[in-house]
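Colleague: Sending over data.cif (mmCIF, C-alpha atoms).
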data_run
loop_
_atom_site.group_PDB
_atom_site.id
_atom_site.type_symbol
_atom_site.label_atom_id
_atom_site.label_comp_id
_atom_site.auth_asym_id
_atom_site.auth_seq_id
_atom_site.Cartn_x
_atom_site.Cartn_y
_atom_site.Cartn_z
ATOM 1 C CA MET V 1 28.858 18.062 -17.538
ATOM 2 C CA LEU V 2 25.546 16.656 -16.396
ATOM 3 C CA ASN V 3 22.512 18.938 -16.245
ATOM 4 C CA TYR V 4 20.409 19.004 -13.041
ATOM 5 C CA SER V 5 18.052 16.207 -14.096
ATOM 6 C CA GLY V 6 20.866 14.065 -15.494
ATOM 7 C CA ARG V 7 22.791 14.598 -12.276
ATOM 8 C CA LEU V 8 19.821 13.421 -10.181
ATOM 9 C CA ASP V 9 19.414 10.367 -12.455
ATOM 10 C CA SER V 10 22.998 9.316 -11.884
ATOM 11 C CA VAL V 11 23.147 10.173 -8.163
ATOM 12 C CA TYR V 12 20.021 8.149 -7.320
ATOM 13 C CA ALA V 13 21.252 5.299 -9.549
ATOM 14 C CA ALA V 14 24.594 5.400 -7.684
ATOM 15 C CA LEU V 15 22.759 5.227 -4.337
ATOM 16 C CA SER V 16 20.565 2.299 -5.454
ATOM 17 C CA ASP V 17 23.262 -0.249 -4.571
ATOM 18 C CA GLY V 18 24.118 -1.373 -1.034
ATOM 19 C CA SER V 19 27.876 -1.647 -1.676
ATOM 20 C CA ARG V 20 28.022 1.880 -3.069
ATOM 21 C CA ARG V 21 25.985 3.145 -0.098
ATOM 22 C CA ALA V 22 28.510 1.411 2.191
ATOM 23 C CA MET V 23 31.280 3.355 0.424
ATOM 24 C CA VAL V 24 29.383 6.648 0.838
ATOM 25 C CA GLU V 25 28.764 5.743 4.491
ATOM 26 C CA ARG V 26 32.507 5.159 4.990
ATOM 27 C CA LEU V 27 33.410 8.429 3.245
ATOM 28 C CA SER V 28 30.938 10.383 5.404
ATOM 29 C CA ARG V 29 33.364 9.631 8.256
ATOM 30 C CA GLY V 30 36.276 11.151 6.303
ATOM 31 C CA PRO V 31 38.470 10.626 3.228
ATOM 32 C CA ALA V 32 39.703 7.088 2.557
ATOM 33 C CA SER V 33 42.060 5.264 0.217
ATOM 34 C CA VAL V 34 40.652 2.764 -2.273
ATOM 35 C CA LYS V 35 42.176 0.012 -0.108
ATOM 36 C CA GLU V 36 40.341 1.292 2.980
ATOM 37 C CA LEU V 37 37.091 1.502 1.013
ATOM 38 C CA ALA V 38 37.528 -2.053 -0.257
ATOM 39 C CA GLU V 39 38.421 -3.604 3.132
ATOM 40 C CA PRO V 40 34.933 -4.140 4.601
ATOM 41 C CA LEU V 41 33.430 -5.177 1.245
ATOM 42 C CA THR V 42 33.472 -8.827 0.233
ATOM 43 C CA MET V 43 34.299 -8.282 -3.432
ATOM 44 C CA SER V 44 37.250 -8.138 -5.790
ATOM 45 C CA LEU V 45 39.259 -4.943 -6.239
ATOM 46 C CA PRO V 46 38.055 -4.568 -9.881
ATOM 47 C CA ALA V 47 34.459 -4.719 -8.599
ATOM 48 C CA VAL V 48 35.239 -2.038 -6.006
ATOM 49 C CA LEU V 49 36.846 0.138 -8.693
ATOM 50 C CA GLN V 50 33.770 -0.294 -10.879
ATOM 51 C CA HIS V 51 31.502 0.889 -8.033
ATOM 52 C CA LEU V 52 33.886 3.767 -7.364
ATOM 53 C CA ARG V 53 33.659 4.790 -11.021
ATOM 54 C CA VAL V 54 29.841 4.923 -10.797
ATOM 55 C CA LEU V 55 30.131 7.086 -7.657
ATOM 56 C CA GLU V 56 32.649 9.401 -9.324
ATOM 57 C CA GLU V 57 30.612 9.713 -12.534
ATOM 58 C CA SER V 58 27.597 10.760 -10.459
ATOM 59 C CA GLY V 59 29.695 13.459 -8.789
ATOM 60 C CA LEU V 60 29.073 12.025 -5.290
ATOM 61 C CA VAL V 61 32.740 11.110 -4.835
ATOM 62 C CA ARG V 62 36.000 12.625 -6.038
ATOM 63 C CA SER V 63 39.346 10.921 -5.910
ATOM 64 C CA GLN V 64 42.926 12.079 -6.296
ATOM 65 C CA LYS V 65 46.019 9.973 -6.773
ATOM 66 C CA VAL V 66 49.157 11.057 -4.919
ATOM 67 C CA GLY V 67 52.072 8.715 -5.471
ATOM 68 C CA ARG V 68 50.630 5.207 -5.372
ATOM 69 C CA VAL V 69 47.638 6.025 -3.180
ATOM 70 C CA ARG V 70 44.266 7.145 -4.532
ATOM 71 C CA THR V 71 42.310 9.053 -1.878
ATOM 72 C CA CYS V 72 38.521 9.355 -2.157
ATOM 73 C CA ARG V 73 36.356 12.121 -0.721
ATOM 74 C CA LEU V 74 32.639 12.714 -0.490
ATOM 75 C CA GLU V 75 31.181 15.672 -2.400
ATOM 76 C CA PRO V 76 28.562 16.953 0.076
ATOM 77 C CA ALA V 77 26.971 19.470 -2.332
ATOM 78 C CA VAL V 78 25.897 16.619 -4.618
ATOM 79 C CA LEU V 79 24.582 14.611 -1.670
ATOM 80 C CA GLN V 80 22.611 17.703 -0.651
ATOM 81 C CA GLN V 81 21.040 18.075 -4.107
ATOM 82 C CA ALA V 82 19.756 14.510 -3.881
ATOM 83 C CA GLU V 83 18.434 15.123 -0.359
ATOM 84 C CA GLN V 84 16.818 18.438 -1.317
ATOM 85 C CA TRP V 85 14.866 17.085 -4.261
ATOM 86 C CA ILE V 86 13.191 14.512 -2.007
ATOM 87 C CA ALA V 87 12.734 16.978 0.885
ATOM 88 C CA ASP V 88 10.963 19.499 -1.378
ATOM 89 C CA ARG V 89 8.430 16.901 -2.580
ATOM 90 C CA ARG V 90 7.845 15.532 0.905
ATOM 91 C CA THR V 91 7.346 19.039 2.307
ATOM 92 C CA ARG V 92 4.890 19.897 -0.447
ATOM 93 C CA TRP V 93 2.947 16.733 0.323
ATOM 94 C CA ALA V 94 2.883 17.543 4.069
ATOM 95 C CA ASP V 95 1.838 21.178 3.434
ATOM 96 C CA ARG V 96 -1.051 20.003 1.308
ATOM 97 C CA LEU V 97 -2.174 17.694 4.115
ATOM 98 C CA ASP V 98 -1.972 20.569 6.636
ATOM 99 C CA ARG V 99 -4.104 22.775 4.387
ATOM 100 C CA LEU V 100 -6.599 19.934 3.973
ATOM 101 C CA ASP V 101 -6.774 19.566 7.780
ATOM 102 C CA GLU V 102 -7.362 23.308 8.189
ATOM 103 C CA PHE V 103 -10.054 23.238 5.523
ATOM 104 C CA LEU V 104 -11.821 20.329 7.243
ATOM 105 C CA ASP V 105 -11.566 22.066 10.641
ATOM 106 C CA GLU V 106 -13.112 25.222 9.165
ATOM 107 C CA THR V 107 -15.863 23.277 7.435
ATOM 108 C CA GLU V 108 -16.633 21.474 10.678
ATOM 109 C CA GLY V 109 -16.795 24.831 12.469
ATOM 110 C CA GLU V 110 -19.324 26.091 9.941
ATOM 111 C CA GLU V 111 -21.508 23.045 10.413
ATOM 112 C CA GLN V 112 -21.859 23.593 14.161
ATOM 113 C CA MET W 1 8.366 -7.476 1.903
ATOM 114 C CA LEU W 2 11.597 -5.604 1.270
ATOM 115 C CA ASN W 3 14.105 -5.201 4.102
ATOM 116 C CA TYR W 4 15.509 -1.717 4.827
ATOM 117 C CA SER W 5 18.476 -2.021 2.447
ATOM 118 C CA GLY W 6 16.403 -3.631 -0.301
ATOM 119 C CA ARG W 7 13.837 -0.860 0.132
ATOM 120 C CA LEU W 8 16.502 1.831 -0.292
ATOM 121 C CA ASP W 9 17.866 0.018 -3.386
ATOM 122 C CA SER W 10 14.476 0.077 -5.047
ATOM 123 C CA VAL W 11 13.473 3.591 -3.927
ATOM 124 C CA TYR W 12 16.675 5.195 -5.255
ATOM 125 C CA ALA W 13 16.399 3.121 -8.450
ATOM 126 C CA ALA W 14 12.812 4.362 -8.825
ATOM 127 C CA LEU W 15 13.961 7.979 -8.377
ATOM 128 C CA SER W 16 16.799 7.605 -10.919
ATOM 129 C CA ASP W 17 14.472 8.296 -13.852
ATOM 130 C CA GLY W 18 13.164 11.743 -14.824
ATOM 131 C CA SER W 19 9.709 10.497 -15.862
ATOM 132 C CA ARG W 20 9.216 8.696 -12.570
ATOM 133 C CA ARG W 21 10.402 11.814 -10.686
ATOM 134 C CA ALA W 22 7.816 13.817 -12.692
ATOM 135 C CA MET W 23 5.149 11.378 -11.468
ATOM 136 C CA VAL W 24 6.340 11.734 -7.832
ATOM 137 C CA GLU W 25 6.375 15.519 -8.297
ATOM 138 C CA ARG W 26 2.766 15.421 -9.550
ATOM 139 C CA LEU W 27 1.665 13.180 -6.667
ATOM 140 C CA SER W 28 3.309 15.485 -4.110
ATOM 141 C CA ARG W 29 0.546 17.945 -5.062
ATOM 142 C CA GLY W 30 -2.149 15.356 -4.304
ATOM 143 C CA PRO W 31 -3.579 12.030 -5.492
ATOM 144 C CA ALA W 32 -4.036 11.575 -9.236
ATOM 145 C CA SER W 33 -5.555 9.087 -11.655
ATOM 146 C CA VAL W 34 -3.274 7.195 -14.033
ATOM 147 C CA LYS W 35 -4.705 9.354 -16.831
ATOM 148 C CA GLU W 36 -3.729 12.550 -14.987
ATOM 149 C CA LEU W 37 -0.249 11.164 -14.325
ATOM 150 C CA ALA W 38 0.194 10.266 -17.982
ATOM 151 C CA GLU W 39 -1.074 13.595 -19.400
ATOM 152 C CA PRO W 40 2.120 15.698 -19.136
ATOM 153 C CA LEU W 41 4.389 12.791 -20.146
ATOM 154 C CA THR W 42 5.158 12.217 -23.811
ATOM 155 C CA MET W 43 4.969 8.434 -23.715
ATOM 156 C CA SER W 44 2.548 5.595 -24.358
ATOM 157 C CA LEU W 45 0.147 4.431 -21.643
ATOM 158 C CA PRO W 46 1.946 1.042 -21.342
ATOM 159 C CA ALA W 47 5.204 2.933 -20.692
ATOM 160 C CA VAL W 48 3.488 5.026 -18.012
ATOM 161 C CA LEU W 49 2.069 1.872 -16.408
ATOM 162 C CA GLN W 50 5.532 0.303 -16.427
ATOM 163 C CA HIS W 51 6.985 3.344 -14.597
ATOM 164 C CA LEU W 52 4.048 3.262 -12.182
ATOM 165 C CA ARG W 53 4.796 -0.396 -11.446
ATOM 166 C CA VAL W 54 8.419 0.469 -10.562
ATOM 167 C CA LEU W 55 7.166 3.238 -8.240
ATOM 168 C CA GLU W 56 4.647 0.894 -6.605
ATOM 169 C CA GLU W 57 7.157 -1.925 -6.155
ATOM 170 C CA SER W 58 9.503 0.511 -4.396
ATOM 171 C CA GLY W 59 6.686 1.476 -2.016
ATOM 172 C CA LEU W 60 6.867 5.167 -3.019
ATOM 173 C CA VAL W 61 3.402 5.093 -4.580
ATOM 174 C CA ARG W 62 0.227 3.170 -3.823
ATOM 175 C CA SER W 63 -2.744 2.905 -6.115
ATOM 176 C CA GLN W 64 -6.314 1.786 -5.721
ATOM 177 C CA LYS W 65 -8.848 1.034 -8.400
ATOM 178 C CA VAL W 66 -12.404 2.165 -7.786
ATOM 179 C CA GLY W 67 -14.740 1.381 -10.667
ATOM 180 C CA ARG W 68 -12.772 2.165 -13.821
ATOM 181 C CA VAL W 69 -10.426 4.723 -12.284
ATOM 182 C CA ARG W 70 -7.109 3.826 -10.637
ATOM 183 C CA THR W 71 -6.056 6.565 -8.191
ATOM 184 C CA CYS W 72 -2.386 6.903 -7.191
ATOM 185 C CA ARG W 73 -1.063 8.354 -3.933
ATOM 186 C CA LEU W 74 2.385 9.150 -2.631
ATOM 187 C CA GLU W 75 3.641 7.194 0.390
ATOM 188 C CA PRO W 76 5.485 9.937 2.342
ATOM 189 C CA ALA W 77 7.047 7.561 4.914
ATOM 190 C CA VAL W 78 9.015 5.848 2.145
ATOM 191 C CA LEU W 79 10.065 9.189 0.673
ATOM 192 C CA GLN W 80 11.242 10.174 4.157
ATOM 193 C CA GLN W 81 13.368 7.017 4.537
ATOM 194 C CA ALA W 82 15.188 7.881 1.305
ATOM 195 C CA GLU W 83 15.682 11.482 2.453
ATOM 196 C CA GLN W 84 16.837 10.434 5.920
ATOM 197 C CA TRP W 85 19.538 8.050 4.737
ATOM 198 C CA ILE W 86 21.164 10.846 2.717
ATOM 199 C CA ALA W 87 20.626 13.464 5.453
ATOM 200 C CA ASP W 88 22.327 11.253 8.067
ATOM 201 C CA ARG W 89 25.469 10.822 5.905
ATOM 202 C CA ARG W 90 25.583 14.489 4.961
ATOM 203 C CA THR W 91 25.190 15.527 8.607
ATOM 204 C CA ARG W 92 27.940 13.168 9.708
ATOM 205 C CA TRP W 93 30.236 14.624 7.050
ATOM 206 C CA ALA W 94 29.432 18.204 8.162
ATOM 207 C CA ASP W 95 29.911 17.351 11.876
ATOM 208 C CA ARG W 96 33.322 15.905 11.107
ATOM 209 C CA LEU W 97 34.273 19.118 9.303
ATOM 210 C CA ASP W 98 33.088 21.196 12.275
ATOM 211 C CA ARG W 99 35.181 19.103 14.673
ATOM 212 C CA LEU W 100 38.169 19.472 12.328
ATOM 213 C CA ASP W 101 37.692 23.258 12.338
ATOM 214 C CA GLU W 102 37.529 23.310 16.153
ATOM 215 C CA PHE W 103 40.659 21.182 16.372
ATOM 216 C CA LEU W 104 42.538 23.487 14.004
ATOM 217 C CA ASP W 105 41.353 26.572 15.939
ATOM 218 C CA GLU W 106 42.571 25.018 19.205
ATOM 219 C CA THR W 107 45.902 24.008 17.692
ATOM 220 C CA GLU W 108 46.330 27.532 16.338
ATOM 221 C CA GLY W 109 45.561 28.910 19.830
ATOM 222 C CA GLU W 110 48.262 26.727 21.346
ATOM 223 C CA GLU W 111 50.812 27.931 18.844
ATOM 224 C CA GLN W 112 50.335 31.600 19.758
#
Write the structure described by the file as structure tokens, please.
Modeller:
Amino acid sequence: MLNYSGRLDSVYAALSDGSRRAMVERLSRGPASVKELAEPLTMSLPAVLQHLRVLEESGLVRSQKVGRVRTCRLEPAVLQQAEQWIADRRTRWADRLDRLDEFLDETEGEEQ
Amino acid sequence: MLNYSGRLDSVYAALSDGSRRAMVERLSRGPASVKELAEPLTMSLPAVLQHLRVLEESGLVRSQKVGRVRTCRLEPAVLQQAEQWIADRRTRWADRLDRLDEFLDETEGEEQ
């Protein structure tokens, strides 16, 4: 089990590659087999499986094998964690700017 | 100049390290000198500067040297790009689930 910080490390690392983002993009439209994931990518099946492993280790994707077909699904809660961390920092930054604006407006008012 | 995909590669790679996230966290509360950024981190100054370089190359942070002090600032537009890419995929996934729910509700209605 990864702790929160370790999870974020591995999720952002997983998202730092265009091919893996293409796989996440595909899975956002619904579950897919490994073959379907591989189709649009110009790489060998072992390379696709390696990318899939990185996505699974990060928790972003889960897969299940039924018969001969492995089906992959997105794990939206993990995607949300990664989104939330960034959103919280961006919001804090924007709030600070708003407060700074208010402060400057008030100071200007005092000067008049 | 990085293109959109190259930018996302380097922004997510920059965010995949806890020390760099701590620096982004600090900068979300306002600009800081390199010394202030380094203070809470238990690492050498060269290590801090190396992390800062990764953050600057990704576009997440900009710094400016005035006299002997280098001041670092967060670049919120870049943070927003990274947030938006994830949000768009998560939203698409959730919309698909909603449509699936509606479809199942309708199908159930027809069966009654």
Colleague: Please produce chain W as a PDB file with C-alpha atoms, keeping the file's coordinate frame once it has been superposed on chain V, the fit using all Cα atoms paired in sequence order.
Modeller:
ATOM      1  CA  MET W   1      28.862  18.052 -17.529  1.00  0.00           C
ATOM      2  CA  LEU W   2      25.540  16.653 -16.368  1.00  0.00           C
ATOM      3  CA  ASN W   3      22.503  18.940 -16.219  1.00  0.00           C
ATOM      4  CA  TYR W   4      20.406  18.998 -13.020  1.00  0.00           C
ATOM      5  CA  SER W   5      18.050  16.191 -14.082  1.00  0.00           C
ATOM      6  CA  GLY W   6      20.858  14.052 -15.487  1.00  0.00           C
ATOM      7  CA  ARG W   7      22.776  14.598 -12.251  1.00  0.00           C
ATOM      8  CA  LEU W   8      19.818  13.406 -10.163  1.00  0.00           C
ATOM      9  CA  ASP W   9      19.408  10.355 -12.453  1.00  0.00           C
ATOM     10  CA  SER W  10      22.992   9.313 -11.885  1.00  0.00           C
ATOM     11  CA  VAL W  11      23.139  10.173  -8.164  1.00  0.00           C
ATOM     12  CA  TYR W  12      20.025   8.131  -7.317  1.00  0.00           C
ATOM     13  CA  ALA W  13      21.263   5.296  -9.557  1.00  0.00           C
ATOM     14  CA  ALA W  14      24.586   5.408  -7.688  1.00  0.00           C
ATOM     15  CA  LEU W  15      22.766   5.225  -4.333  1.00  0.00           C
ATOM     16  CA  SER W  16      20.578   2.289  -5.452  1.00  0.00           C
ATOM     17  CA  ASP W  17      23.270  -0.255  -4.574  1.00  0.00           C
ATOM     18  CA  GLY W  18      24.126  -1.380  -1.033  1.00  0.00           C
ATOM     19  CA  SER W  19      27.878  -1.650  -1.677  1.00  0.00           C
ATOM     20  CA  ARG W  20      28.032   1.865  -3.072  1.00  0.00           C
ATOM     21  CA  ARG W  21      25.986   3.138  -0.093  1.00  0.00           C
ATOM     22  CA  ALA W  22      28.524   1.392   2.194  1.00  0.00           C
ATOM     23  CA  MET W  23      31.287   3.336   0.420  1.00  0.00           C
ATOM     24  CA  VAL W  24      29.376   6.643   0.841  1.00  0.00           C
ATOM     25  CA  GLU W  25      28.778   5.741   4.498  1.00  0.00           C
ATOM     26  CA  ARG W  26      32.522   5.154   4.989  1.00  0.00           C
ATOM     27  CA  LEU W  27      33.419   8.426   3.246  1.00  0.00           C
ATOM     28  CA  SER W  28      30.941  10.372   5.397  1.00  0.00           C
ATOM     29  CA  ARG W  29      33.369   9.634   8.253  1.00  0.00           C
ATOM     30  CA  GLY W  30      36.273  11.145   6.299  1.00  0.00           C
ATOM     31  CA  PRO W  31      38.457  10.620   3.221  1.00  0.00           C
ATOM     32  CA  ALA W  32      39.697   7.091   2.553  1.00  0.00           C
ATOM     33  CA  SER W  33      42.059   5.280   0.210  1.00  0.00           C
ATOM     34  CA  VAL W  34      40.639   2.779  -2.273  1.00  0.00           C
ATOM     35  CA  LYS W  35      42.186   0.040  -0.119  1.00  0.00           C
ATOM     36  CA  GLU W  36      40.337   1.301   2.972  1.00  0.00           C
ATOM     37  CA  LEU W  37      37.087   1.505   1.006  1.00  0.00           C
ATOM     38  CA  ALA W  38      37.517  -2.043  -0.259  1.00  0.00           C
ATOM     39  CA  GLU W  39      38.440  -3.598   3.122  1.00  0.00           C
ATOM     40  CA  PRO W  40      34.941  -4.140   4.590  1.00  0.00           C
ATOM     41  CA  LEU W  41      33.445  -5.182   1.229  1.00  0.00           C
ATOM     42  CA  THR W  42      33.506  -8.833   0.218  1.00  0.00           C
ATOM     43  CA  MET W  43      34.322  -8.265  -3.438  1.00  0.00           C
ATOM     44  CA  SER W  44      37.275  -8.142  -5.805  1.00  0.00           C
ATOM     45  CA  LEU W  45      39.273  -4.934  -6.260  1.00  0.00           C
ATOM     46  CA  PRO W  46      38.062  -4.557  -9.894  1.00  0.00           C
ATOM     47  CA  ALA W  47      34.464  -4.708  -8.613  1.00  0.00           C
ATOM     48  CA  VAL W  48      35.245  -2.033  -6.016  1.00  0.00           C
ATOM     49  CA  LEU W  49      36.852   0.150  -8.697  1.00  0.00           C
ATOM     50  CA  GLN W  50      33.781  -0.288 -10.895  1.00  0.00           C
ATOM     51  CA  HIS W  51      31.501   0.895  -8.048  1.00  0.00           C
ATOM     52  CA  LEU W  52      33.888   3.776  -7.367  1.00  0.00           C
ATOM     53  CA  ARG W  53      33.655   4.793 -11.026  1.00  0.00           C
ATOM     54  CA  VAL W  54      29.836   4.927 -10.800  1.00  0.00           C
ATOM     55  CA  LEU W  55      30.122   7.092  -7.660  1.00  0.00           C
ATOM     56  CA  GLU W  56      32.646   9.402  -9.336  1.00  0.00           C
ATOM     57  CA  GLU W  57      30.621   9.735 -12.536  1.00  0.00           C
ATOM     58  CA  SER W  58      27.596  10.763 -10.456  1.00  0.00           C
ATOM     59  CA  GLY W  59      29.694  13.467  -8.777  1.00  0.00           C
ATOM     60  CA  LEU W  60      29.075  12.024  -5.284  1.00  0.00           C
ATOM     61  CA  VAL W  61      32.735  11.108  -4.823  1.00  0.00           C
ATOM     62  CA  ARG W  62      35.989  12.625  -6.035  1.00  0.00           C
ATOM     63  CA  SER W  63      39.345  10.930  -5.915  1.00  0.00           C
ATOM     64  CA  GLN W  64      42.911  12.066  -6.295  1.00  0.00           C
ATOM     65  CA  LYS W  65      46.004   9.975  -6.768  1.00  0.00           C
ATOM     66  CA  VAL W  66      49.126  11.061  -4.931  1.00  0.00           C
ATOM     67  CA  GLY W  67      52.072   8.741  -5.489  1.00  0.00           C
ATOM     68  CA  ARG W  68      50.642   5.223  -5.360  1.00  0.00           C
ATOM     69  CA  VAL W  69      47.638   6.020  -3.179  1.00  0.00           C
ATOM     70  CA  ARG W  70      44.272   7.159  -4.554  1.00  0.00           C
ATOM     71  CA  THR W  71      42.312   9.049  -1.874  1.00  0.00           C
ATOM     72  CA  CYS W  72      38.516   9.350  -2.163  1.00  0.00           C
ATOM     73  CA  ARG W  73      36.361  12.136  -0.727  1.00  0.00           C
ATOM     74  CA  LEU W  74      32.643  12.718  -0.500  1.00  0.00           C
ATOM     75  CA  GLU W  75      31.186  15.682  -2.403  1.00  0.00           C
ATOM     76  CA  PRO W  76      28.556  16.950   0.089  1.00  0.00           C
ATOM     77  CA  ALA W  77      26.963  19.471  -2.321  1.00  0.00           C
ATOM     78  CA  VAL W  78      25.890  16.621  -4.602  1.00  0.00           C
ATOM     79  CA  LEU W  79      24.582  14.610  -1.656  1.00  0.00           C
ATOM     80  CA  GLN W  80      22.605  17.697  -0.630  1.00  0.00           C
ATOM     81  CA  GLN W  81      21.023  18.068  -4.093  1.00  0.00           C
ATOM     82  CA  ALA W  82      19.737  14.491  -3.863  1.00  0.00           C
ATOM     83  CA  GLU W  83      18.417  15.107  -0.340  1.00  0.00           C
ATOM     84  CA  GLN W  84      16.816  18.419  -1.299  1.00  0.00           C
ATOM     85  CA  TRP W  85      14.846  17.071  -4.245  1.00  0.00           C
ATOM     86  CA  ILE W  86      13.180  14.487  -1.988  1.00  0.00           C
ATOM     87  CA  ALA W  87      12.723  16.951   0.901  1.00  0.00           C
ATOM     88  CA  ASP W  88      10.958  19.469  -1.370  1.00  0.00           C
ATOM     89  CA  ARG W  89       8.413  16.860  -2.571  1.00  0.00           C
ATOM     90  CA  ARG W  90       7.851  15.489   0.915  1.00  0.00           C
ATOM     91  CA  THR W  91       7.351  19.001   2.307  1.00  0.00           C
ATOM     92  CA  ARG W  92       4.890  19.875  -0.434  1.00  0.00           C
ATOM     93  CA  TRP W  93       2.932  16.708   0.331  1.00  0.00           C
ATOM     94  CA  ALA W  94       2.877  17.517   4.078  1.00  0.00           C
ATOM     95  CA  ASP W  95       1.847  21.165   3.459  1.00  0.00           C
ATOM     96  CA  ARG W  96      -1.051  19.989   1.329  1.00  0.00           C
ATOM     97  CA  LEU W  97      -2.177  17.685   4.141  1.00  0.00           C
ATOM     98  CA  ASP W  98      -1.962  20.555   6.646  1.00  0.00           C
ATOM     99  CA  ARG W  99      -4.084  22.780   4.397  1.00  0.00           C
ATOM    100  CA  LEU W 100      -6.583  19.925   3.993  1.00  0.00           C
ATOM    101  CA  ASP W 101      -6.778  19.576   7.788  1.00  0.00           C
ATOM    102  CA  GLU W 102      -7.363  23.329   8.185  1.00  0.00           C
ATOM    103  CA  PHE W 103     -10.061  23.248   5.524  1.00  0.00           C
ATOM    104  CA  LEU W 104     -11.819  20.337   7.223  1.00  0.00           C
ATOM    105  CA  ASP W 105     -11.579  22.075  10.627  1.00  0.00           C
ATOM    106  CA  GLU W 106     -13.115  25.238   9.144  1.00  0.00           C
ATOM    107  CA  THR W 107     -15.868  23.298   7.394  1.00  0.00           C
ATOM    108  CA  GLU W 108     -16.629  21.488  10.647  1.00  0.00           C
ATOM    109  CA  GLY W 109     -16.795  24.876  12.431  1.00  0.00           C
ATOM    110  CA  GLU W 110     -19.319  26.144   9.905  1.00  0.00           C
ATOM    111  CA  GLU W 111     -21.509  23.114  10.388  1.00  0.00           C
ATOM    112  CA  GLN W 112     -21.857  23.662  14.143  1.00  0.00           C
TER     113      GLN W 112
END
Colleague: Of the candidates W:Val48, W:Ala94, W:Met43, W:Val54, which one gets nearest to Ser10 of chain W if we count only C-alpha atoms?
Modeller: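 Ranked by minimum distance to Ser10 of chain W, first place goes to W:Val54.
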Colleague: Please find the residues of chain W near chain V - the criterion being any atom within 10 Å, counting all atoms listed in the file - and write them as a PyMOL selection string.
Modeller: chain W and resi 5-18+21+24-31+74-97
Colleague: May I have the protein, DNA and RNA residues with an atom at most 7 Å from (35.4, 14.9, -3.2), counting only C-alpha atoms in the file's coordinates, returned as JSON, numbers by chain?
Modeller: {"V": [61, 62, 63, 72, 73, 74, 75]}
Colleague: What is the distance, in Å and to one decimal place, between atom CA of Glu56 of chain W and atom CA of Glu36 of chain W?
Modeller: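 Computing the Euclidean distance for atom CA of Glu56 of chain W and atom CA of Glu36 of chain W yields 16.6 Å.
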Colleague: Ala38 of chain W: which residues within 9 Å, counting all atoms listed in the file, same-chain residues fewer than 4 positions away excluded, as an mmCIF file with C-alpha atoms, in the frame of the given file?
Modeller:
data_model
loop_
_atom_site.group_PDB
_atom_site.id
_atom_site.type_symbol
_atom_site.label_atom_id
_atom_site.label_comp_id
_atom_site.auth_asym_id
_atom_site.auth_seq_id
_atom_site.Cartn_x
_atom_site.Cartn_y
_atom_site.Cartn_z
ATOM 1 C CA MET W 23 5.149 11.378 -11.468
ATOM 2 C CA SER W 33 -5.555 9.087 -11.655
ATOM 3 C CA VAL W 34 -3.274 7.195 -14.033
ATOM 4 C CA THR W 42 5.158 12.217 -23.811
ATOM 5 C CA MET W 43 4.969 8.434 -23.715
ATOM 6 C CA SER W 44 2.548 5.595 -24.358
ATOM 7 C CA LEU W 45 0.147 4.431 -21.643
ATOM 8 C CA VAL W 48 3.488 5.026 -18.012
ATOM 9 C CA LEU W 49 2.069 1.872 -16.408
#
Colleague: By how many Å are atom CA of Thr71 of chain V and atom CA of Asp101 of chain W apart?
Modeller: 20.6 Å
Colleague: What is the atom CA of Ser19 of chain V to atom CA of Gly59 of chain W distance in Å?
Modeller: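 Those two atoms sit 21.4 Å apart.
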